[in-house]
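Engineer: Next up, coords08.cif (mmCIF, C-alpha atoms and all ligand atoms).
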```
data_target
loop_
_atom_site.label_atom_id
_atom_site.label_comp_id
_atom_site.auth_asym_id
_atom_site.auth_seq_id
_atom_site.Cartn_x
_atom_site.Cartn_y
_atom_site.Cartn_z
CA GLU P 1 -23.05 -4.36 14.53
CA ILE P 2 -19.30 -4.86 14.57
CA VAL P 3 -17.97 -8.15 13.23
CA ARG P 4 -14.43 -9.22 13.99
CA VAL P 5 -12.70 -11.33 11.35
CA SER P 6 -9.49 -13.32 11.57
CA ARG P 7 -7.71 -16.04 9.63
CA SER P 8 -8.21 -18.64 12.37
CA GLY P 9 -11.73 -17.65 13.39
CA ARG P 10 -10.69 -18.23 17.04
CA ASN P 11 -12.14 -16.42 20.09
CA GLY P 12 -15.47 -15.63 18.54
CA ALA P 13 -14.12 -14.13 15.33
CA LYS P 14 -15.47 -15.08 11.92
CA THR P 15 -13.17 -16.46 9.28
CA TYR P 16 -12.77 -14.50 6.04
CA GLU P 17 -14.89 -17.05 4.16
CA GLU P 18 -17.64 -16.70 6.78
CA ALA P 19 -17.44 -12.92 6.50
CA TYR P 20 -17.75 -13.06 2.70
CA SER P 21 -20.87 -15.18 2.92
CA LEU P 22 -22.54 -13.91 6.12
CA CYS P 23 -21.52 -10.23 6.06
CA SER P 24 -21.45 -9.43 2.36
CA ASP P 25 -23.66 -6.39 3.10
CA ALA P 26 -20.97 -4.76 5.32
CA ALA P 27 -21.03 -0.96 5.09
CA LEU P 28 -17.54 -0.25 6.35
CA LEU P 29 -14.47 -2.47 6.16
CA ILE P 30 -11.55 -1.84 8.47
CA ASN P 31 -8.19 -3.53 8.04
CA THR P 32 -6.15 -3.72 11.24
CA THR P 33 -3.76 -6.45 10.05
CA PRO P 34 -0.28 -5.70 8.70
CA ALA P 35 -1.02 -7.28 5.31
CA GLY P 36 0.03 -4.70 2.73
CA MET P 37 2.33 -2.82 5.11
CA TYR P 38 5.93 -2.10 4.04
CA PRO P 39 7.87 -4.21 3.08
CA ASP P 40 4.96 -6.54 2.22
CA THR P 41 3.46 -3.94 -0.13
CA ASP P 42 1.95 -6.60 -2.42
CA GLY P 43 -0.03 -8.05 0.49
CA MET P 44 -3.85 -7.94 0.43
CA PRO P 45 -5.70 -8.88 3.64
CA PHE P 46 -8.98 -9.65 1.85
CA ASP P 47 -10.82 -9.41 -1.41
CA ILE P 48 -13.05 -6.34 -1.32
CA SER P 49 -14.97 -7.46 -4.39
CA ARG P 50 -16.52 -10.24 -2.26
CA PHE P 51 -18.62 -7.58 -0.44
CA ASP P 52 -21.74 -6.25 -2.18
CA HIS P 53 -21.58 -2.50 -1.85
CA PRO P 54 -19.29 -1.27 0.91
CA GLU P 55 -19.47 2.50 1.42
CA GLY P 56 -15.99 2.84 2.75
CA LEU P 57 -12.69 1.26 3.66
CA LEU P 58 -10.33 2.24 6.44
CA ASP P 59 -6.92 0.61 6.22
CA VAL P 60 -5.05 1.59 9.37
CA ILE P 61 -1.69 1.14 7.63
CA TYR P 62 0.08 4.42 6.81
CA ASN P 63 3.28 3.06 5.26
CA PRO P 64 2.66 3.01 2.35
CA LEU P 65 0.04 5.75 2.24
CA ASN P 66 -2.02 3.89 -0.35
CA THR P 67 -1.90 0.13 0.15
CA ARG P 68 -2.92 -2.21 -2.65
CA LEU P 69 -6.21 -2.66 -0.76
CA ILE P 70 -6.85 1.11 -0.75
CA GLN P 71 -5.96 1.33 -4.44
CA ASP P 72 -8.27 -1.57 -5.22
CA ALA P 73 -11.16 -0.01 -3.27
CA ARG P 74 -10.72 3.37 -4.98
CA SER P 75 -10.60 1.75 -8.41
CA LYS P 76 -14.05 0.34 -7.60
CA GLY P 77 -15.37 3.73 -6.56
CA ILE P 78 -15.27 2.94 -2.82
CA ARG P 79 -14.04 5.74 -0.56
CA ALA P 80 -10.87 4.67 1.20
CA GLU P 81 -8.58 6.22 3.80
CA ASN P 82 -5.33 5.19 5.41
CA GLY P 83 -4.37 5.18 9.08
CA LEU P 84 -2.28 8.33 9.17
CA TYR P 85 -5.04 10.49 10.66
CA MET P 86 -5.68 7.83 13.31
CA LEU P 87 -1.96 7.67 14.12
CA VAL P 88 -1.80 11.41 14.67
CA GLY P 89 -5.13 11.51 16.51
CA GLN P 90 -4.09 8.92 19.08
CA ALA P 91 -0.68 10.56 19.50
CA VAL P 92 -2.24 13.95 20.25
CA LEU P 93 -4.68 12.43 22.74
CA SER P 94 -1.90 10.41 24.39
CA SER P 95 0.15 13.54 24.70
CA GLU P 96 -2.77 15.28 26.40
CA LEU P 97 -3.02 12.42 28.90
CA PHE P 98 0.71 12.40 29.62
CA THR P 99 1.18 16.13 29.93
CA GLY P 100 -2.25 17.17 31.16
CA LYS P 101 -2.11 19.93 28.54
CA LYS P 102 -4.90 20.33 26.05
CA ALA P 103 -3.70 20.44 22.45
CA GLY P 104 -4.98 23.21 20.19
CA GLU P 105 -8.15 22.76 18.14
CA ASP P 106 -6.61 22.10 14.75
CA VAL P 107 -3.46 20.38 15.85
CA ILE P 108 -4.42 16.91 14.61
CA GLU P 109 -5.35 18.23 11.18
CA GLN P 110 -2.20 20.37 11.02
CA ILE P 111 0.21 17.57 11.93
CA TYR P 112 -1.64 15.17 9.65
CA GLN P 113 -1.26 17.55 6.69
CA GLU P 114 2.42 18.12 7.47
CA LEU P 115 3.20 14.42 7.69
CA LEU P 116 1.21 13.71 4.56
CA SER P 117 3.07 16.23 2.46
CA GLU P 118 6.39 15.13 3.93
CA LYS P 119 5.77 11.47 3.19
CA ARG P 120 4.06 11.80 -0.18
CA ASN P 121 5.84 11.27 -3.47
CA ILE P 122 5.01 13.47 -6.42
CA VAL P 123 5.26 11.33 -9.54
CA LEU P 124 5.59 13.00 -12.93
CA ILE P 125 4.52 11.04 -16.00
CA GLY P 126 4.22 11.99 -19.65
CA MET P 127 5.74 11.86 -23.11
CA PRO P 128 9.49 11.93 -23.72
CA GLY P 129 10.60 15.54 -23.77
CA CYS P 130 7.49 16.93 -22.03
CA GLY P 131 9.62 18.51 -19.29
CA LYS P 132 9.28 15.97 -16.48
CA SER P 133 12.92 16.29 -15.42
CA THR P 134 13.11 20.07 -15.62
CA LEU P 135 9.81 20.60 -13.82
CA GLY P 136 10.62 17.85 -11.33
CA LYS P 137 13.86 19.57 -10.34
CA MET P 138 12.15 22.94 -9.94
CA LEU P 139 9.36 21.37 -7.89
CA ALA P 140 11.69 19.37 -5.65
CA GLU P 141 13.66 22.48 -4.85
CA ARG P 142 10.54 24.41 -3.99
CA LEU P 143 9.16 21.62 -1.81
CA GLY P 144 12.51 20.75 -0.24
CA LYS P 145 12.09 17.16 -1.41
CA GLN P 146 14.62 14.83 -2.94
CA MET P 147 14.34 14.42 -6.72
CA VAL P 148 14.89 11.18 -8.58
CA GLU P 149 14.93 10.51 -12.31
CA THR P 150 14.37 6.83 -12.94
CA ASP P 151 16.30 6.95 -16.24
CA GLU P 152 19.28 8.54 -14.55
CA ILE P 153 19.42 5.83 -11.87
CA ILE P 154 19.06 3.06 -14.47
CA SER P 155 21.80 4.55 -16.59
CA GLN P 156 24.14 5.09 -13.62
CA GLU P 157 23.66 1.57 -12.30
CA ALA P 158 24.09 -0.05 -15.71
CA GLY P 159 27.10 2.15 -16.42
CA MET P 160 25.76 3.01 -19.87
CA SER P 161 23.32 5.35 -21.58
CA ILE P 162 19.64 4.45 -22.06
CA LYS P 163 20.25 4.40 -25.80
CA ASP P 164 23.06 1.84 -25.36
CA ILE P 165 20.98 -0.33 -23.00
CA PHE P 166 18.27 -0.50 -25.69
CA ALA P 167 20.82 -1.23 -28.43
CA GLU P 168 22.71 -3.89 -26.50
CA TYR P 169 20.03 -5.66 -24.45
CA GLY P 170 16.69 -4.61 -25.97
CA GLU P 171 13.61 -2.88 -24.62
CA GLN P 172 12.40 -5.73 -22.35
CA HIS P 173 15.63 -5.68 -20.40
CA PHE P 174 15.37 -1.92 -20.01
CA ARG P 175 11.77 -2.29 -18.80
CA ASP P 176 12.83 -4.85 -16.17
CA LEU P 177 15.49 -2.48 -14.85
CA GLU P 178 12.92 0.32 -14.91
CA SER P 179 10.38 -1.70 -12.89
CA GLU P 180 12.99 -2.47 -10.25
CA VAL P 181 13.98 1.20 -9.89
CA VAL P 182 10.35 2.36 -9.88
CA LYS P 183 9.56 -0.05 -7.02
CA ARG P 184 12.61 0.94 -5.01
CA TYR P 185 11.84 4.66 -5.07
CA SER P 186 8.06 4.30 -4.82
CA VAL P 187 8.27 2.76 -1.36
CA LYS P 188 10.76 5.32 -0.12
CA GLY P 189 8.42 8.32 0.12
CA GLY P 190 9.14 12.04 0.29
CA THR P 191 10.51 12.21 -3.24
CA VAL P 192 9.70 13.86 -6.55
CA ILE P 193 9.96 11.02 -9.07
CA SER P 194 10.42 11.85 -12.74
CA THR P 195 9.61 8.69 -14.69
CA GLY P 196 10.66 7.61 -18.17
CA GLY P 197 7.89 8.10 -20.73
CA GLY P 198 7.07 4.38 -20.87
CA ALA P 199 7.15 3.61 -17.15
CA ILE P 200 3.35 3.63 -16.91
CA LEU P 201 2.99 0.88 -19.52
CA ARG P 202 3.36 -1.82 -16.87
CA LYS P 203 0.50 -2.16 -14.40
CA GLU P 204 2.90 -3.24 -11.65
CA ASN P 205 4.78 0.05 -12.06
CA VAL P 206 1.61 2.12 -11.77
CA GLU P 207 0.58 0.23 -8.64
CA ALA P 208 4.02 0.83 -7.15
CA LEU P 209 4.03 4.52 -8.07
CA ARG P 210 0.65 4.97 -6.40
CA LEU P 211 1.79 3.43 -3.09
CA ASN P 212 2.97 6.79 -1.80
CA GLY P 213 2.49 8.96 -4.83
CA VAL P 214 0.25 11.50 -6.44
CA VAL P 215 0.59 10.84 -10.16
CA VAL P 216 0.73 13.98 -12.29
CA PHE P 217 0.53 13.89 -16.10
CA ILE P 218 2.61 16.66 -17.68
CA ASP P 219 0.47 17.22 -20.76
CA ARG P 220 2.55 19.13 -23.29
CA PRO P 221 1.14 19.44 -26.82
CA LEU P 222 2.61 17.21 -29.51
CA ASP P 223 3.82 20.14 -31.64
CA GLN P 224 6.07 21.19 -28.76
CA LEU P 225 7.69 17.78 -28.30
CA LYS P 226 10.94 17.05 -30.12
CA ALA P 227 12.35 13.80 -31.45
CA THR P 228 15.88 13.33 -30.10
CA ASP P 229 18.59 10.86 -31.01
CA SER P 230 19.20 9.87 -27.39
CA ARG P 231 15.65 8.50 -27.08
CA PRO P 232 15.48 5.21 -28.98
CA LEU P 233 11.67 5.01 -29.13
CA SER P 234 11.18 8.57 -30.26
CA ASN P 235 14.26 9.39 -32.29
CA ASP P 236 12.31 10.55 -35.32
CA ARG P 237 9.14 12.56 -35.78
CA SER P 238 6.90 9.75 -37.00
CA LYS P 239 7.87 7.46 -34.07
CA LEU P 240 7.20 10.29 -31.65
CA GLU P 241 3.76 10.95 -33.16
CA LYS P 242 2.88 7.27 -33.03
CA LEU P 243 3.89 7.04 -29.37
CA TYR P 244 1.78 10.09 -28.59
CA GLU P 245 -1.25 8.57 -30.26
CA GLU P 246 -0.80 5.21 -28.51
CA ARG P 247 -0.15 6.66 -25.09
CA TYR P 248 -2.13 9.86 -24.65
CA GLN P 249 -5.18 8.10 -23.23
CA ILE P 250 -3.04 5.87 -21.01
CA TYR P 251 -1.36 8.91 -19.45
CA LYS P 252 -4.76 10.48 -18.85
CA ASP P 253 -6.24 7.35 -17.32
CA THR P 254 -3.23 6.80 -15.07
CA ALA P 255 -3.05 10.33 -13.72
CA ASP P 256 -4.55 11.63 -10.48
CA MET P 257 -3.98 15.09 -11.87
CA ILE P 258 -3.32 16.56 -15.33
CA VAL P 259 -1.25 19.71 -15.81
CA LYS P 260 -1.39 21.23 -19.27
CA THR P 261 1.91 22.88 -20.06
CA GLY P 262 3.31 24.50 -23.15
CA GLY P 263 4.52 27.98 -22.29
CA THR P 264 7.90 28.80 -20.76
CA LYS P 265 9.30 26.47 -18.13
CA THR P 266 8.58 29.08 -15.45
CA ASP P 267 4.91 29.18 -16.53
CA SER P 268 4.72 25.41 -16.54
CA ALA P 269 6.36 25.14 -13.12
CA GLU P 270 3.86 27.66 -11.77
CA LYS P 271 0.93 25.69 -13.20
CA LEU P 272 2.24 22.50 -11.64
CA TRP P 273 2.70 24.26 -8.31
CA GLU P 274 -0.83 25.66 -8.36
CA ALA P 275 -2.33 22.31 -9.28
CA LEU P 276 -0.56 20.59 -6.41
CA ARG P 277 -1.53 23.26 -3.91
C1 LIG Y 301 10.96 5.99 -23.00
C2 LIG Y 301 11.26 7.26 -22.56
C3 LIG Y 301 12.58 7.65 -22.05
C4 LIG Y 301 13.35 6.42 -21.57
C5 LIG Y 301 13.36 5.34 -22.58
C6 LIG Y 301 11.96 4.87 -22.95
C7 LIG Y 301 9.61 5.70 -23.49
O1 LIG Y 301 12.44 8.59 -20.99
O2 LIG Y 301 12.81 5.94 -20.37
O3 LIG Y 301 14.04 5.82 -23.72
O4 LIG Y 301 9.21 4.53 -23.61
O5 LIG Y 301 8.88 6.68 -23.75
P1 LIG Y 301 11.99 10.14 -21.23
O6 LIG Y 301 10.49 10.16 -21.20
O7 LIG Y 301 12.57 10.87 -20.09
O8 LIG Y 301 12.55 10.56 -22.53
#
```
As structure tokens, how would this structure be written, given the file I've shared?
Structural biologist:
Amino acid sequence: EIVRVSRSGRNGAKTYEEAYSLCSDAALLINTTPAGMYPDTDGMPFDISRFDHPEGLLDVIYNPLNTRLIQDARSKGIRAENGLYMLVGQAVLSSELFTGKKAGEDVIEQIYQELLSEKRNIVLIGMPGCGKSTLGKMLAERLGKQMVETDEIISQEAGMSIKDIFAEYGEQHFRDLESEVVKRYSVKGGTVISTGGGAILRKENVEALRLNGVVVFIDRPLDQLKATDSRPLSNDRSKLEKLYEERYQIYKDTADMIVKTGGTKTDSAEKLWEALR
């Protein structure tokens, strides 16, 4: 049984409220509305928690790759896919109709994988000094992607160092600037994003980073991290250790992937590369 749902409930469709009450046992939910599509990335077409135990969600949006709805479904353990495969599939079949030429066997899968890796952001998170910037640069070069350091953009736009922003305007102001930059680059796609160590503390930032990103925790052991004067929240050893203790679990919980580093930067870059492959 296929049930069509719309806001108005016109032309034989059910309204969302009717669907929640009459179809709460739905197995598969498919979103074909633009709610959640760029630039409305906060949009949510419906509340998936109102269904009892859906097995899967297909959101036909592919910009961003992971809408809020997809993220919400996955956080509840529901398998969820975007519309990129469908986009490519229909394009290949259309092309066959137009040209009369049969496409190769794996062409849909191949183009899908290419587009996915082109569009995807790789987001590096982790403690101050864990090597996010260095590894990010090496990775971006290897992947031919653009590389962005959120701290660098914030500092450039404010015309002052991160340390001075903290000293003059306080941490909250810095965090607001950080959230704005995180959102701007998250929606862009195709970028390696090296975040500041505290960027994952705000839920809104994590949701933004996930829109197009695979989130990778660069897990470097505490004894290899250094306190530095330019980092106001970790400018002495005891502050750094406290941050590590407070945040380690948050980094782990936020990450799609954890890469344990610690050797030379070439070793670490290789580990990151292998993990992403
Ligand atoms: C911070 C880390 C810094 C910078 C700011 C706050 C943090 O970035 O964003 O000083 O809260 O851990 P790095 O992780 O690049 O040092």
Engineer: Within 8 Å of (9.3, 19.1, -12.0), only C-alpha atoms: residues as a ChimeraX atom specification?
Structural biologist: /P:124,131-140,192,194,269,272
Engineer: Could you check the closest approach to Tyr185 in chain P for each of P:Val123, P:Pro128, P:Asp236, P:Gln224 and tell me which residue wins, using all atoms listed in the file?
Structural biologist: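 Counting all atoms listed in the file, the residue closest to Tyr185 in chain P is P:Val123.
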Engineer: What does the structure give for the distance between CA of Gly213 in chain P and CA of Asn121 in chain P, in Å to one decimal?
Structural biologist: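 CA of Asn121 in chain P lies at a distance of 4.3 Å from CA of Gly213 in chain P.
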Engineer: Mind listing the residues within 8 Å of ligand LIG 301 (chain Y), only C-alpha atoms and all ligand atoms counted, as number ranges by chain?
Structural biologist: P: 125-130, 132-133, 150-151, 162-163, 166, 174, 178, 194-199, 230-234, 243
Engineer: Do you have the CA of Thr15 in chain P-CA of Ala35 in chain P distance handy?
Structural biologist: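 Separation between CA of Thr15 in chain P and CA of Ala35 in chain P: 15.7 Å.
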Engineer: So the first atom is CA of Arg79 in chain P and the second is CA of Leu116 in chain P; what is the distance between them in Å, to one decimal place?
Structural biologist: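 About the pair CA of Arg79 in chain P and CA of Leu116 in chain P: they are 18.0 Å apart.
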Engineer: Using all atoms listed in the file, which protein or nucleic acid residues come within 10 Å of Glu55 in chain P? Drop anything in the same chain fewer than 6 positions from it, and give the result as a list in words.
Structural biologist: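 Returned residues: Asp25, Ala26, Ala27, Leu28, Leu29, Ala73, Gly77, Ile78, Arg79 and Ala80 of chain P.
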Engineer: Write the residues of the selection above to a file with C-alpha atoms, as a tab-separated table (two decimals), in the frame of the given file.
Structural biologist:
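The resulting file, selection_29.tsv, is shown below:
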```
chain	number	residue	atom	x	y	z
P	25	ASP	CA	-23.66	-6.39	3.10
P	26	ALA	CA	-20.97	-4.76	5.32
P	27	ALA	CA	-21.03	-0.96	5.09
P	28	LEU	CA	-17.54	-0.25	6.35
P	29	LEU	CA	-14.47	-2.47	6.16
P	73	ALA	CA	-11.16	-0.01	-3.27
P	77	GLY	CA	-15.37	3.73	-6.56
P	78	ILE	CA	-15.27	2.94	-2.82
P	79	ARG	CA	-14.04	5.74	-0.56
P	80	ALA	CA	-10.87	4.67	1.20
```
Engineer: P:Gln156, P:Ser21, P:Gln71, P:Thr254: which is nearest Arg202 in chain P, counting all atoms listed in the file?
Structural biologist: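 Of all the options, P:Thr254 lies closest to Arg202 in chain P.
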Engineer: Looking at all atoms listed in the file, which of P:Asn82, P:Ser75, P:Ser94, P:Asn11 is the one that sits closest to Ile30 in chain P?
Structural biologist: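 Among the listed residues, P:Asn82 lies closest to Ile30 in chain P.
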Engineer: Name all residues at most 7 Å from Gly189 in chain P (count all atoms listed in the file; drop same-chain ones fewer than 3 positions away) and give them as JSON, numbers by chain.
Structural biologist: {"P": [119, 120, 121, 186, 212]}
Engineer: Pick out the closest residue to Thr32 in chain P from this set: P:Gln90, P:Thr99, P:Thr191, P:Ser6. Count only C-alpha atoms.
Structural biologist: P:Ser6
Engineer: Which polymer residues, protein or nucleic acid, are no farther than 10 Å from (-10.3, -3.2, 11.2), counting only C-alpha atoms, as an mmCIF file with C-alpha atoms, in the coordinates of the input?
Structural biologist:
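Saved to out38.cif:
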```cif
data_model
loop_
_atom_site.group_PDB
_atom_site.id
_atom_site.type_symbol
_atom_site.label_atom_id
_atom_site.label_comp_id
_atom_site.auth_asym_id
_atom_site.auth_seq_id
_atom_site.Cartn_x
_atom_site.Cartn_y
_atom_site.Cartn_z
ATOM 1 C CA ILE P 2 -19.300 -4.860 14.570
ATOM 2 C CA VAL P 3 -17.970 -8.150 13.230
ATOM 3 C CA ARG P 4 -14.430 -9.220 13.990
ATOM 4 C CA VAL P 5 -12.700 -11.330 11.350
ATOM 5 C CA LEU P 28 -17.540 -0.250 6.350
ATOM 6 C CA LEU P 29 -14.470 -2.470 6.160
ATOM 7 C CA ILE P 30 -11.550 -1.840 8.470
ATOM 8 C CA ASN P 31 -8.190 -3.530 8.040
ATOM 9 C CA THR P 32 -6.150 -3.720 11.240
ATOM 10 C CA THR P 33 -3.760 -6.450 10.050
ATOM 11 C CA LEU P 57 -12.690 1.260 3.660
ATOM 12 C CA LEU P 58 -10.330 2.240 6.440
ATOM 13 C CA ASP P 59 -6.920 0.610 6.220
ATOM 14 C CA VAL P 60 -5.050 1.590 9.370
#
```
Engineer: Need to verify the contact set: Gly36 in chain P, 8 Å, all atoms listed in the file, exclusion of same-chain residues closer than 5 positions in sequence. Can you return it as a tab-separated table (two decimals) with C-alpha atoms, keeping the file's coordinate frame?
Structural biologist:
```tsv
chain	number	residue	atom	x	y	z
P	41	THR	CA	3.46	-3.94	-0.13
P	42	ASP	CA	1.95	-6.60	-2.42
P	43	GLY	CA	-0.03	-8.05	0.49
P	44	MET	CA	-3.85	-7.94	0.43
P	45	PRO	CA	-5.70	-8.88	3.64
P	61	ILE	CA	-1.69	1.14	7.63
P	67	THR	CA	-1.90	0.13	0.15
P	68	ARG	CA	-2.92	-2.21	-2.65
P	69	LEU	CA	-6.21	-2.66	-0.76
```
Engineer: What's the 8 Å shell around Ala208 in chain P, counting only C-alpha atoms, without same-chain residues fewer than 4 positions away, as a list in words?
Structural biologist: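 What passes the distance filter is Val182, Lys183, Ser186, Val187 and Glu204 of chain P.
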Engineer: For each of P:Glu246, P:Glu96, P:Glu180, P:Asp267, take the minimum atom-to-atom distance to Ile154 in chain P, counting only C-alpha atoms, then give the residue where this is smallest.
Structural biologist: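 Checking each of P:Glu246, P:Glu96, P:Glu180, P:Asp267 against Ile154 in chain P, counting only C-alpha atoms, the winner is P:Glu180.
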Engineer: Which residue is closest to Ser49 in chain P? Choose from P:Tyr251, P:Thr261, P:Asp223, P:Arg74 and count only C-alpha atoms.
Structural biologist: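 Using only C-alpha atoms, Ser49 in chain P sits closest to P:Arg74.
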Engineer: With N, CA and C atoms as the goal, would you fill in the gaps in range 129-152 of chain P and present it as a short mmCIF file (atom, residue, chain, number, x, y, z; two decimals), keeping the file's coordinate frame?
Structural biologist:
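Written output follows (out-v1.cif):
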```cif
data_model
loop_
_atom_site.label_atom_id
_atom_site.label_comp_id
_atom_site.auth_asym_id
_atom_site.auth_seq_id
_atom_site.Cartn_x
_atom_site.Cartn_y
_atom_site.Cartn_z
N GLY P 129 10.38 14.13 -23.41
CA GLY P 129 10.60 15.54 -23.77
C GLY P 129 9.50 16.49 -23.31
N CYS P 130 8.59 16.04 -22.45
CA CYS P 130 7.49 16.93 -22.03
C CYS P 130 7.92 17.86 -20.89
N GLY P 131 9.13 17.61 -20.35
CA GLY P 131 9.62 18.51 -19.29
C GLY P 131 9.55 17.92 -17.90
N LYS P 132 9.38 16.60 -17.81
CA LYS P 132 9.28 15.97 -16.48
C LYS P 132 10.51 16.26 -15.62
N SER P 133 11.69 16.12 -16.22
CA SER P 133 12.92 16.29 -15.42
C SER P 133 13.10 17.74 -14.99
N THR P 134 12.93 18.65 -15.94
CA THR P 134 13.11 20.07 -15.62
C THR P 134 12.11 20.51 -14.56
N LEU P 135 10.85 20.18 -14.77
CA LEU P 135 9.81 20.60 -13.82
C LEU P 135 9.99 19.89 -12.48
N GLY P 136 10.39 18.63 -12.55
CA GLY P 136 10.62 17.85 -11.33
C GLY P 136 11.69 18.49 -10.46
N LYS P 137 12.77 18.94 -11.10
CA LYS P 137 13.86 19.57 -10.34
C LYS P 137 13.38 20.85 -9.69
N MET P 138 12.64 21.66 -10.47
CA MET P 138 12.15 22.94 -9.94
C MET P 138 11.20 22.69 -8.76
N LEU P 139 10.34 21.68 -8.93
CA LEU P 139 9.36 21.37 -7.89
C LEU P 139 10.03 20.86 -6.61
N ALA P 140 11.00 19.96 -6.81
CA ALA P 140 11.69 19.37 -5.65
C ALA P 140 12.38 20.46 -4.83
N GLU P 141 12.97 21.40 -5.55
CA GLU P 141 13.66 22.48 -4.85
C GLU P 141 12.67 23.30 -4.03
N ARG P 142 11.54 23.59 -4.67
CA ARG P 142 10.54 24.41 -3.99
C ARG P 142 9.93 23.70 -2.78
N LEU P 143 9.77 22.39 -2.90
CA LEU P 143 9.16 21.62 -1.81
C LEU P 143 10.18 21.13 -0.79
N GLY P 144 11.46 21.28 -1.12
CA GLY P 144 12.51 20.75 -0.24
C GLY P 144 12.49 19.23 -0.21
N LYS P 145 12.08 18.63 -1.34
CA LYS P 145 12.09 17.16 -1.41
C LYS P 145 13.27 16.70 -2.24
N GLN P 146 13.59 15.42 -2.10
CA GLN P 146 14.62 14.83 -2.94
C GLN P 146 14.01 14.60 -4.33
N MET P 147 14.85 14.65 -5.36
CA MET P 147 14.34 14.42 -6.72
C MET P 147 15.06 13.23 -7.33
N VAL P 148 14.30 12.36 -7.96
CA VAL P 148 14.89 11.18 -8.58
C VAL P 148 14.40 11.04 -10.01
N GLU P 149 15.32 10.81 -10.92
CA GLU P 149 14.93 10.51 -12.31
C GLU P 149 15.20 9.03 -12.53
N THR P 150 14.16 8.28 -12.84
CA THR P 150 14.37 6.83 -12.94
C THR P 150 15.40 6.51 -14.03
N ASP P 151 15.34 7.21 -15.17
CA ASP P 151 16.30 6.95 -16.24
C ASP P 151 17.74 7.18 -15.79
N GLU P 152 17.93 8.21 -14.99
CA GLU P 152 19.28 8.54 -14.55
C GLU P 152 19.84 7.42 -13.66
#
```
